[in-house]
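Here is the structure we will look at.
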Protein chains: 2
Amino acid sequence: VDFQGLPGGRGDGRISRVPWDGTTPWIRTASRQQRWLVGVSGGADSVALLHLLVESGFRDLVVCHLNHQLRGEQAAADAAFVADLARSLGLTCEVGTADVAARIASTGESLETAARRARHEFFKTCAIRHRCRRWLLAHHADDQAETVLWNLLRGSHGLKGMRTEQKMCVDKVTLHLSRPLLEVRGADLREWLTARGLPWREDASNAVPDVIRNRLRLEIVPRLTEIAGRDAATMIGRALASCRDLEEIEQWAIAQARALDPQGRLHLPTLRSLPLPLQRAVLAHFLKQARIPQLDGDLITRALTLIDPTSPPAVNLPGGGALRRRAGRLLIERLS
Amino acid sequence: VDFQGLPGGRGDGRISRVPWDGTTPWIRTASRQQRWLVGVSGGADSVALLHLLVESGFRDLVVCHLNHQLRGEQAAADAAFVADLARSLGLTCEVGTADVAARIASTGESLETAARRARHEFFKTCAIRHRCRRWLLAHHADDQAETVLWNLLRGSHGLKGMRTEQKMCVDKVTLHLSRPLLEVRGADLREWLTARGLPWREDASNAVPDVIRNRLRLEIVPRLTEIAGRDAATMIGRALASCRDLEEIEQWAIAQARALDPQGRLHLPTLRSLPLPLQRAVLAHFLKQARIPQLDGDLITRALTLIDPTSPPAVNLPGGGALRRRAGRLLIERLS
């Protein structure tokens with residue numbers, strides 16, 4: 001197999017034994033003066049994040065731990081471990097409890113949905129109580145690889161993963177999530193902790209066990225690494241970065257296409273002059289801006305039939321209303 | 001796990017038992033009048049392709065089989081099987097023999113490289129002998145998924161796979177390769193053959209066994225399918241299609257950026273006005289048009305330093321010459 005085409009040296013994804021230097025661009029550049037909320041499950045990843053932040057001079061950290069009450073005594077021991085850790089570091093600690101089982105019973109939500117919503121409410125509660133909208137999460141490169149594969153299997157448009165910086169709105173409260181470790185391998189975090197003799201709780205996890213995600217992380221990513229002889233999480237991260245570059249270019253192209261007329265309607269002659277994938281992107285962007293729900297590839301395909309002047313002049317939109325062709329323009333007719 | 005967000009019905013990647021209808025857009029629309037060279041190893045994929053073509057009314061087919069002489073008696077039996085099959089269908093048959101082992105001994109090429117070059121020479125020889133530049137190859141969706149994963153692990157820029165239509169140049173002879181089955185699942189081809197009682201050679205393959213590729217196809221893709229409960233090859237194909245749409249938009253954006261001046265030099269103020277990923281794309285395109293070898297991300301990063309007017313005014317290029325900043329332009333200085 002010809003893997004020689006790749007640049008050599010470090011950073012090419014080959015599995016190296018060079019120890020990680022214990023920092024990331026985010027950690028190097030973020031403000032030490034601000035307060036940050038840190039999600040700490042007690043597992044290696046979040047324990048490493050917390051120690052890294054403290055070592056790097058962050059002082060105003062609030063350690064936040066949510067007990068989902070799904071793992072009985074183990075979960076209580078996780079919470080106690082995190083509280084002890086925070087105390088030993090001289091940090092404020094917030095331990096929340098969510099009754100996910102009761103939530104499922106009352107709402108009929110799936111386990112995953114109920115746990116996610118409980119987590120987001122905890123995010124909000126801590127944000128308000130500690131007057132801080134900034135959360136730090138310990139997701140790392142292996143989590144990212146798992147997420148990319150998971151989205152791929154769900155039919156993602158290209159490759160989709162987590163962002164280092166993400167805005168999230170919970171009940172009208174806007175939170176800023178940051179993931180300082182998103183490009184660090186999980187094994188490097190564990191090595192870093194081990195080298196310092198720092199303990200963690202082996203099975204602690206903020207997340208509810210998700211069979212598919214777990215199998216992607218524990219079976220597929222290591223198997224890909226073994227087969228290729230290079231770190232699969234690194235390679236997946238690299239392909240994701242390329243896709244994001246392409247998506248940024250797509251956004252520029254949508255703006256550059258100038259397909260909106262002064263009234264904010266889509267100008268059909270302009271739309272027709274674009275290559276098909278850009279027609280689809282412009283149309284998707286137009287419908288998204290209008291907050292049309294259930295936007296998917298099928299809807300775009302149906303909407304795009306309007307580009308042909310001999311086709312029926314309107315396409316129904318989900319949630320009522322229609323996309324209508326009139327005088328060489330496309331416009332959205334809402335239900336009145 | 002919330003897989004409900006996907007559109008239901010057929011075509012969503014869920015593993016369905018709806019039998020394949022035995023045709024593809026390529027087969028429906030391609031010319032029955034023209035001659036086509038068909039690569040037939042004797043394995044299920046290429047045997048299915050050949051029968052499909054004959055059933056669909058293609059008449060002027062030349063069955064081409066290359067014996068790599070790497071599998072001894074088995075390979076001879078494959079060649080005999082293919083020759084019999086061609087005879088039974090009333091088609092011309094061309095059986096070639098490549099001494100890959102001798103080639104390796106004389107050139108020092110790797111097994112994969114030697115086999116690939118031998119195959120390409122066979123493509124050319126058949127093309128000249130039968131006065132036909134059009135080759136049909138039996139690659140299917142599982143091969144495509146394997147290729148996408150393989151490229152991903154090698155560090156591909158986004159997702160990269162095979163094309164349904166591809167031009168290839170062998171010793172100044174331009175060949176047109178078509179892959180009519182690229183969106184059909186391997187299992188569907190086998191079922192189609194089995195339903196008709198059509199035999200094939202189980203282990204026949206034009207390709208040299210490639211450990212990494214084989215493991216991706218035989219271990220990873222089925223495991224992903226089993227984990228997700230939907231056909232992984234289909235989902236990978238869909239993500240690939242999305243990436244290709246983005247790449248087509250990128251090409252439009254490069255042209256739209258109009259960063260070349262009338263003398264064909266890169267106009268720096270224009271380049272600076274673009275988002276960073278598009279700056280990189282424009283620069284890569286510029287260097288590629290100039291046939292600069294060894295174009296990779298590192299070279300683009302170094303070349304992009306020229307955008308800063310206070311940086312050193314030239315960057316060396318592989319193969320000699322330099323990229324130079326002069327009067328607000330970038331130009332390529334060749335070795336004289």
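Please note that chains go A, B, ... in the order of the structure tokens, that every chain numbers its residues from 1, and that ligands are numbered from 1 in the order shown.
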
10 Å contact set for Ala232 (chain B), only C-alpha atoms, chain neighbours under 6 positions out, as a PyMOL selection string: (chain A and resi 152-155) or (chain B and resi 13-15+141-142+145+220-226+238)

Keeping only C-alpha atoms, write those residues as an mmCIF file, in the first residue's frame.
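To be explicit, this is the file written out as part_21.cif:
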```
data_model
loop_
_atom_site.group_PDB
_atom_site.id
_atom_site.type_symbol
_atom_site.label_atom_id
_atom_site.label_comp_id
_atom_site.auth_asym_id
_atom_site.auth_seq_id
_atom_site.Cartn_x
_atom_site.Cartn_y
_atom_site.Cartn_z
ATOM 1 C CA LEU A 152 -22.034 9.960 8.524
ATOM 2 C CA LEU A 153 -24.142 6.880 9.281
ATOM 3 C CA ARG A 154 -27.170 9.107 9.860
ATOM 4 C CA GLY A 155 -26.758 10.611 6.391
ATOM 5 C CA GLY B 13 -29.830 3.679 3.698
ATOM 6 C CA ARG B 14 -31.820 1.353 5.938
ATOM 7 C CA ILE B 15 -31.084 -2.170 4.906
ATOM 8 C CA ALA B 141 -20.797 0.879 -3.973
ATOM 9 C CA ASP B 142 -18.822 -1.321 -1.572
ATOM 10 C CA ALA B 145 -16.957 2.937 0.354
ATOM 11 C CA ILE B 220 -15.109 -2.140 8.619
ATOM 12 C CA VAL B 221 -17.952 -1.550 6.157
ATOM 13 C CA PRO B 222 -19.995 -4.592 7.324
ATOM 14 C CA ARG B 223 -19.327 -3.709 10.972
ATOM 15 C CA LEU B 224 -20.513 -0.126 10.413
ATOM 16 C CA THR B 225 -23.625 -1.483 8.699
ATOM 17 C CA GLU B 226 -24.315 -3.828 11.591
ATOM 18 C CA ARG B 238 -24.165 10.016 0.176
#
```

Contacts from chain B to chain A, 7 Å maximum, only C-alpha atoms: show me the residue list as number ranges by chain. B: 1, 3, 112, 152-159, 210, 212, 227-228, 232, 235-236, 238-240, 242-243, 245-247, 249-250, 253, 277-278

Exercise: region 193-203 of chain B partners within 10 Å, only C-alpha atoms, chain neighbours under 2 positions left out, as a PyMOL selection string: chain B and resi 22+41-49+51-52+74-75+77-78+81-82+85+187-191+205-206

Please identify the helix (DSSP H, G or I) residues within region 242-312 of chain A (assignment by DSSP from backbone atoms) and present them as a PyMOL selection string. chain A and resi 242-257+268-272+276-289+297-307

Can you write out the residues you just picked, keeping N, CA and C atoms, as a short mmCIF file (atom, residue, chain, number, x, y, z; two decimals), in the first residue's frame?
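As a result, part_14.cif now contains:
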```cif
data_model
loop_
_atom_site.label_atom_id
_atom_site.label_comp_id
_atom_site.auth_asym_id
_atom_site.auth_seq_id
_atom_site.Cartn_x
_atom_site.Cartn_y
_atom_site.Cartn_z
N SER A 242 -11.17 19.81 6.26
CA SER A 242 -11.28 20.12 4.84
C SER A 242 -12.73 20.41 4.46
N CYS A 243 -13.65 19.59 4.98
CA CYS A 243 -15.06 19.82 4.67
C CYS A 243 -15.52 21.17 5.19
N ARG A 244 -15.01 21.56 6.36
CA ARG A 244 -15.41 22.87 6.90
C ARG A 244 -14.89 24.00 6.06
N ASP A 245 -13.67 23.84 5.53
CA ASP A 245 -13.15 24.85 4.61
C ASP A 245 -14.08 24.97 3.41
N LEU A 246 -14.51 23.82 2.87
CA LEU A 246 -15.41 23.85 1.72
C LEU A 246 -16.74 24.52 2.08
N GLU A 247 -17.22 24.27 3.30
CA GLU A 247 -18.49 24.89 3.71
C GLU A 247 -18.35 26.40 3.86
N GLU A 248 -17.17 26.84 4.31
CA GLU A 248 -16.96 28.28 4.42
C GLU A 248 -16.95 28.92 3.03
N ILE A 249 -16.31 28.22 2.07
CA ILE A 249 -16.32 28.70 0.69
C ILE A 249 -17.74 28.70 0.14
N GLU A 250 -18.54 27.68 0.51
CA GLU A 250 -19.94 27.63 0.07
C GLU A 250 -20.70 28.87 0.56
N GLN A 251 -20.47 29.27 1.82
CA GLN A 251 -21.15 30.45 2.35
C GLN A 251 -20.77 31.70 1.56
N TRP A 252 -19.48 31.82 1.24
CA TRP A 252 -19.02 32.95 0.44
C TRP A 252 -19.70 32.92 -0.93
N ALA A 253 -19.79 31.71 -1.52
CA ALA A 253 -20.38 31.57 -2.85
C ALA A 253 -21.86 31.94 -2.83
N ILE A 254 -22.57 31.55 -1.77
CA ILE A 254 -23.99 31.89 -1.67
C ILE A 254 -24.17 33.41 -1.67
N ALA A 255 -23.33 34.08 -0.88
CA ALA A 255 -23.41 35.55 -0.84
C ALA A 255 -23.02 36.15 -2.19
N GLN A 256 -21.96 35.59 -2.77
CA GLN A 256 -21.43 36.12 -4.03
C GLN A 256 -22.41 35.93 -5.18
N ALA A 257 -23.25 34.91 -5.09
CA ALA A 257 -24.21 34.62 -6.17
C ALA A 257 -25.22 35.76 -6.33
N LEU A 268 -34.86 34.45 -10.38
CA LEU A 268 -34.71 33.17 -11.08
C LEU A 268 -33.63 33.17 -12.17
N PRO A 269 -33.54 34.22 -13.02
CA PRO A 269 -32.46 34.18 -14.02
C PRO A 269 -31.07 34.05 -13.38
N THR A 270 -30.87 34.72 -12.25
CA THR A 270 -29.59 34.57 -11.55
C THR A 270 -29.42 33.14 -11.06
N LEU A 271 -30.47 32.61 -10.43
CA LEU A 271 -30.39 31.25 -9.90
C LEU A 271 -30.05 30.26 -11.02
N ARG A 272 -30.70 30.44 -12.18
CA ARG A 272 -30.47 29.51 -13.30
C ARG A 272 -29.03 29.55 -13.79
N LEU A 276 -25.55 23.61 -10.57
CA LEU A 276 -26.63 22.96 -9.81
C LEU A 276 -26.38 22.88 -8.31
N PRO A 277 -25.19 22.44 -7.85
CA PRO A 277 -25.03 22.37 -6.39
C PRO A 277 -25.16 23.73 -5.71
N LEU A 278 -24.77 24.80 -6.42
CA LEU A 278 -24.91 26.13 -5.83
C LEU A 278 -26.36 26.60 -5.88
N GLN A 279 -27.10 26.23 -6.93
CA GLN A 279 -28.54 26.49 -6.94
C GLN A 279 -29.18 25.89 -5.68
N ARG A 280 -28.83 24.64 -5.41
CA ARG A 280 -29.40 23.96 -4.24
C ARG A 280 -28.99 24.67 -2.94
N ALA A 281 -27.73 25.07 -2.87
CA ALA A 281 -27.23 25.73 -1.65
C ALA A 281 -27.92 27.08 -1.45
N VAL A 282 -28.09 27.84 -2.52
CA VAL A 282 -28.75 29.14 -2.43
C VAL A 282 -30.21 28.97 -2.00
N LEU A 283 -30.88 27.99 -2.59
CA LEU A 283 -32.28 27.73 -2.26
C LEU A 283 -32.41 27.27 -0.80
N ALA A 284 -31.51 26.38 -0.37
CA ALA A 284 -31.55 25.90 1.02
C ALA A 284 -31.33 27.07 1.97
N HIS A 285 -30.38 27.94 1.64
CA HIS A 285 -30.10 29.09 2.47
C HIS A 285 -31.31 30.02 2.55
N PHE A 286 -31.96 30.23 1.40
CA PHE A 286 -33.15 31.09 1.33
C PHE A 286 -34.26 30.56 2.24
N LEU A 287 -34.51 29.26 2.15
CA LEU A 287 -35.59 28.65 2.95
C LEU A 287 -35.21 28.62 4.44
N LYS A 288 -33.92 28.43 4.70
CA LYS A 288 -33.47 28.41 6.09
C LYS A 288 -33.63 29.78 6.73
N GLN A 289 -33.27 30.83 5.98
CA GLN A 289 -33.42 32.20 6.48
C GLN A 289 -34.88 32.49 6.80
N GLY A 297 -33.05 17.36 1.76
CA GLY A 297 -32.70 17.27 0.35
C GLY A 297 -33.90 17.09 -0.55
N ASP A 298 -34.90 16.33 -0.07
CA ASP A 298 -36.09 16.12 -0.89
C ASP A 298 -36.84 17.42 -1.12
N LEU A 299 -36.95 18.23 -0.05
CA LEU A 299 -37.65 19.51 -0.19
C LEU A 299 -36.93 20.42 -1.19
N ILE A 300 -35.60 20.45 -1.09
CA ILE A 300 -34.82 21.29 -2.01
C ILE A 300 -35.05 20.82 -3.45
N THR A 301 -35.04 19.50 -3.64
CA THR A 301 -35.25 18.97 -4.99
C THR A 301 -36.62 19.40 -5.53
N ARG A 302 -37.66 19.31 -4.66
CA ARG A 302 -38.99 19.72 -5.12
C ARG A 302 -39.03 21.22 -5.39
N ALA A 303 -38.43 22.00 -4.50
CA ALA A 303 -38.44 23.45 -4.67
C ALA A 303 -37.72 23.84 -5.96
N LEU A 304 -36.67 23.10 -6.29
CA LEU A 304 -35.87 23.44 -7.46
C LEU A 304 -36.62 23.22 -8.77
N THR A 305 -37.70 22.43 -8.74
CA THR A 305 -38.49 22.25 -9.97
C THR A 305 -39.04 23.60 -10.44
N LEU A 306 -39.21 24.57 -9.53
CA LEU A 306 -39.77 25.88 -9.89
C LEU A 306 -38.87 26.66 -10.84
N ILE A 307 -37.62 26.24 -10.93
CA ILE A 307 -36.68 26.95 -11.79
C ILE A 307 -37.08 26.82 -13.26
#
```

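Put simply, CA of Leu66 (chain A) is 12.9 Å away from CA of Leu137 (chain A).
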
Find the residues around Cys169 (chain A) up to 12 Å (only C-alpha atoms counted), leave out those fewer than 2 positions away in its own chain, and share them as a PyMOL selection string. chain A and resi 117+120-121+123-124+127+133+166-167+171-177

Write the selection just made, keeping C-alpha atoms, as a PDB file, in the first residue's frame?
```pdb
ATOM      1  CA  ARG A 117     -32.495  17.870  28.051  1.00  0.00           C
ATOM      2  CA  HIS A 120     -28.966  21.336  29.070  1.00  0.00           C
ATOM      3  CA  GLU A 121     -31.182  22.495  31.944  1.00  0.00           C
ATOM      4  CA  PHE A 123     -26.096  24.029  31.972  1.00  0.00           C
ATOM      5  CA  LYS A 124     -28.637  26.831  32.214  1.00  0.00           C
ATOM      6  CA  ALA A 127     -25.035  29.626  34.179  1.00  0.00           C
ATOM      7  CA  ARG A 133     -22.529  31.890  30.301  1.00  0.00           C
ATOM      8  CA  GLN A 166     -20.598  26.627  19.921  1.00  0.00           C
ATOM      9  CA  LYS A 167     -23.536  28.796  20.891  1.00  0.00           C
ATOM     10  CA  ASP A 171     -35.019  28.464  27.297  1.00  0.00           C
ATOM     11  CA  LYS A 172     -33.864  31.791  25.844  1.00  0.00           C
ATOM     12  CA  VAL A 173     -30.582  31.703  27.764  1.00  0.00           C
ATOM     13  CA  THR A 174     -27.653  31.758  25.340  1.00  0.00           C
ATOM     14  CA  LEU A 175     -24.708  29.669  26.442  1.00  0.00           C
ATOM     15  CA  HIS A 176     -21.236  29.612  24.939  1.00  0.00           C
ATOM     16  CA  LEU A 177     -19.710  26.138  24.910  1.00  0.00           C
TER      17      LEU A 177
END
```

From a backbone DSSP assignment, name each residue in region 85-323 of chain B labelled strand (DSSP E), as an MDAnalysis selection string. chainID B and resid 92:97 134:136 165:170 173:178 266:267 314:316 322:323

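Residues lying within 7 Å of His68 (chain B), counting only C-alpha atoms and ignoring same-chain neighbours fewer than 2 positions away, are Leu66, Leu70, Thr97, Ala98, Asp99 and Val100 of chain B.
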
How about saving the chosen residues, all heavy atoms kept, as a tab-separated table (two decimals), in the first residue's frame?
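Okay, result.tsv is ready:
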```tsv
chain	number	residue	atom	x	y	z
B	66	LEU	N	-7.13	-9.76	-17.68
B	66	LEU	CA	-5.68	-9.77	-17.49
B	66	LEU	C	-5.31	-10.77	-16.41
B	66	LEU	O	-5.82	-10.71	-15.29
B	66	LEU	CB	-5.18	-8.37	-17.09
B	66	LEU	CG	-3.67	-8.28	-16.83
B	66	LEU	CD1	-2.87	-8.61	-18.09
B	66	LEU	CD2	-3.29	-6.90	-16.32
B	70	LEU	N	-0.21	-14.21	-10.57
B	70	LEU	CA	0.16	-14.19	-9.16
B	70	LEU	C	-0.55	-15.29	-8.40
B	70	LEU	O	-0.26	-15.54	-7.25
B	70	LEU	CB	-0.19	-12.83	-8.53
B	70	LEU	CG	0.63	-11.64	-9.03
B	70	LEU	CD1	0.03	-10.34	-8.56
B	70	LEU	CD2	2.08	-11.76	-8.58
B	97	THR	N	-1.61	-11.36	-20.42
B	97	THR	CA	-0.81	-11.94	-19.34
B	97	THR	C	0.25	-10.93	-18.93
B	97	THR	O	0.93	-10.38	-19.80
B	97	THR	CB	-0.14	-13.24	-19.81
B	97	THR	OG1	-1.13	-14.12	-20.30
B	97	THR	CG2	0.61	-13.90	-18.66
B	98	ALA	N	0.35	-10.68	-17.65
B	98	ALA	CA	1.38	-9.75	-17.17
B	98	ALA	C	2.28	-10.52	-16.21
B	98	ALA	O	1.81	-11.23	-15.35
B	98	ALA	CB	0.72	-8.59	-16.43
B	99	ASP	N	3.58	-10.36	-16.41
B	99	ASP	CA	4.50	-11.00	-15.48
B	99	ASP	C	4.88	-9.99	-14.42
B	99	ASP	O	5.92	-9.33	-14.49
B	99	ASP	CB	5.74	-11.52	-16.23
B	99	ASP	CG	6.55	-12.46	-15.34
B	99	ASP	OD1	6.35	-12.43	-14.10
B	99	ASP	OD2	7.35	-13.23	-15.88
B	100	VAL	N	3.98	-9.87	-13.43
B	100	VAL	CA	4.17	-8.85	-12.40
B	100	VAL	C	5.43	-9.12	-11.59
B	100	VAL	O	6.18	-8.20	-11.26
B	100	VAL	CB	2.92	-8.78	-11.50
B	100	VAL	CG1	3.15	-7.84	-10.33
B	100	VAL	CG2	1.71	-8.32	-12.31
```

Rounded to one decimal in Å, what is the spacing between CA of Arg179 (chain A) and CA of Ala30 (chain A)?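 Here the two named atoms are 11.6 Å from each other.
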